[in-house]
Amino acid sequence: MPAKAIHSCIRVLDEARSVAFYEAAFGLTVAEKLDFPDFALIYMSNPLSEFELELTINKGTTEPYDLGNGYGHFAVSVEDLDAEHARMEAEGLSPGKIVDFAPAGTRVAKFFFITDPDGYKIEVIQRGGRFK
């Protein structure tokens, strides 16, 4: 029986700053917040997918998380990559350069990365092909 992906979790330092970033960058809104004595879980989503981003806030944490040297990232697909890049630039979100990845002459993907307030990398990829 196949499993269904439902969410991905990241730890964030500042709830308001992170929620505002994901709202502005990707149109995610808070679907639910679960508040516990030592931590809070905030589930964010949008109407395009049931998949959610879970922001974990560990109360009392004052130093940024050490993201280590592993390479991991969250990815979203968009209909018009160039327009999204321009919109994010206009909002002061500092997206990285657009990469047209075609190592053998055939485009594999067109994308850019943006970094959230806690240093996590998010790949924004042109919708199409295997990237629906």
# chains A, B, ... in the order shown; residues from 1 in each chain; ligands from 1
>>> residues_around(residues="Gly92 (chain A)", least_positions_apart="5", cutoff="12 Å", atoms="only C-alpha atoms", output="PyMOL selection string")
chain A and resi 21+24-25+85-87+114-115
>>> write_last_selection(atoms="C-alpha atoms", output="mmCIF file, in the first residue's frame")
data_model
loop_
_atom_site.group_PDB
_atom_site.id
_atom_site.type_symbol
_atom_site.label_atom_id
_atom_site.label_comp_id
_atom_site.auth_asym_id
_atom_site.auth_seq_id
_atom_site.Cartn_x
_atom_site.Cartn_y
_atom_site.Cartn_z
ATOM 1 C CA PHE A 21 7.515 35.001 4.816
ATOM 2 C CA ALA A 24 4.225 36.509 1.057
ATOM 3 C CA ALA A 25 6.472 34.118 -0.854
ATOM 4 C CA HIS A 85 10.772 35.763 -9.397
ATOM 5 C CA ALA A 86 9.895 39.362 -10.299
ATOM 6 C CA ARG A 87 7.081 39.448 -7.707
ATOM 7 C CA ILE A 114 14.970 31.601 -2.050
ATOM 8 C CA THR A 115 16.036 31.524 1.601
#
>>> select_by_dssp(residues="region 16-73 of chain A", states="strand (DSSP E)", output="PyMOL selection string")
chain A and resi 29-35+39-46+49-58
>>> residues_around(residues="Ser77 (chain A)", least_positions_apart="5", cutoff="12 Å", atoms="only C-alpha atoms", output="PyMOL selection string")
chain A and resi 26+48-49+84+109-113+122-132
>>> residues_around(residues="Thr56 (chain A)", least_positions_apart="5", cutoff="12 Å", atoms="only C-alpha atoms", output="list in words")
Ser8, Cys9, Ile10, Arg11, Val12, Leu13, Asp14, Glu15, Ser18, Val19, Lys33, Leu34, Asp35, Phe36, Asp38, Phe39, Ala40, Leu41, Ile42, Tyr43, Met44, Thr61, Tyr65 and Asp118 of chain A
>>> select_by_dssp(residues="chain A", states="alpha helix (DSSP H)", output="PyMOL selection string")
chain A and resi 15-26+81-90
>>> atom_distance(atom1="CA of Met88 (chain A)", atom2="CA of Thr62 (chain A)")
27.9 Å
>>> atom_distance(atom1="CA of Asp116 (chain A)", atom2="CA of Pro47 (chain A)")
21.3 Å
>>> atom_distance(atom1="CA of Asp82 (chain A)", atom2="CA of Lys97 (chain A)")
10.5 Å
>>> residues_around(residues="Gly27 (chain A)", least_positions_apart="3", cutoff="9 Å", atoms="only C-alpha atoms", output="list in words")
Tyr22, Glu23, Ala24, Ser45 and Asn46 of chain A
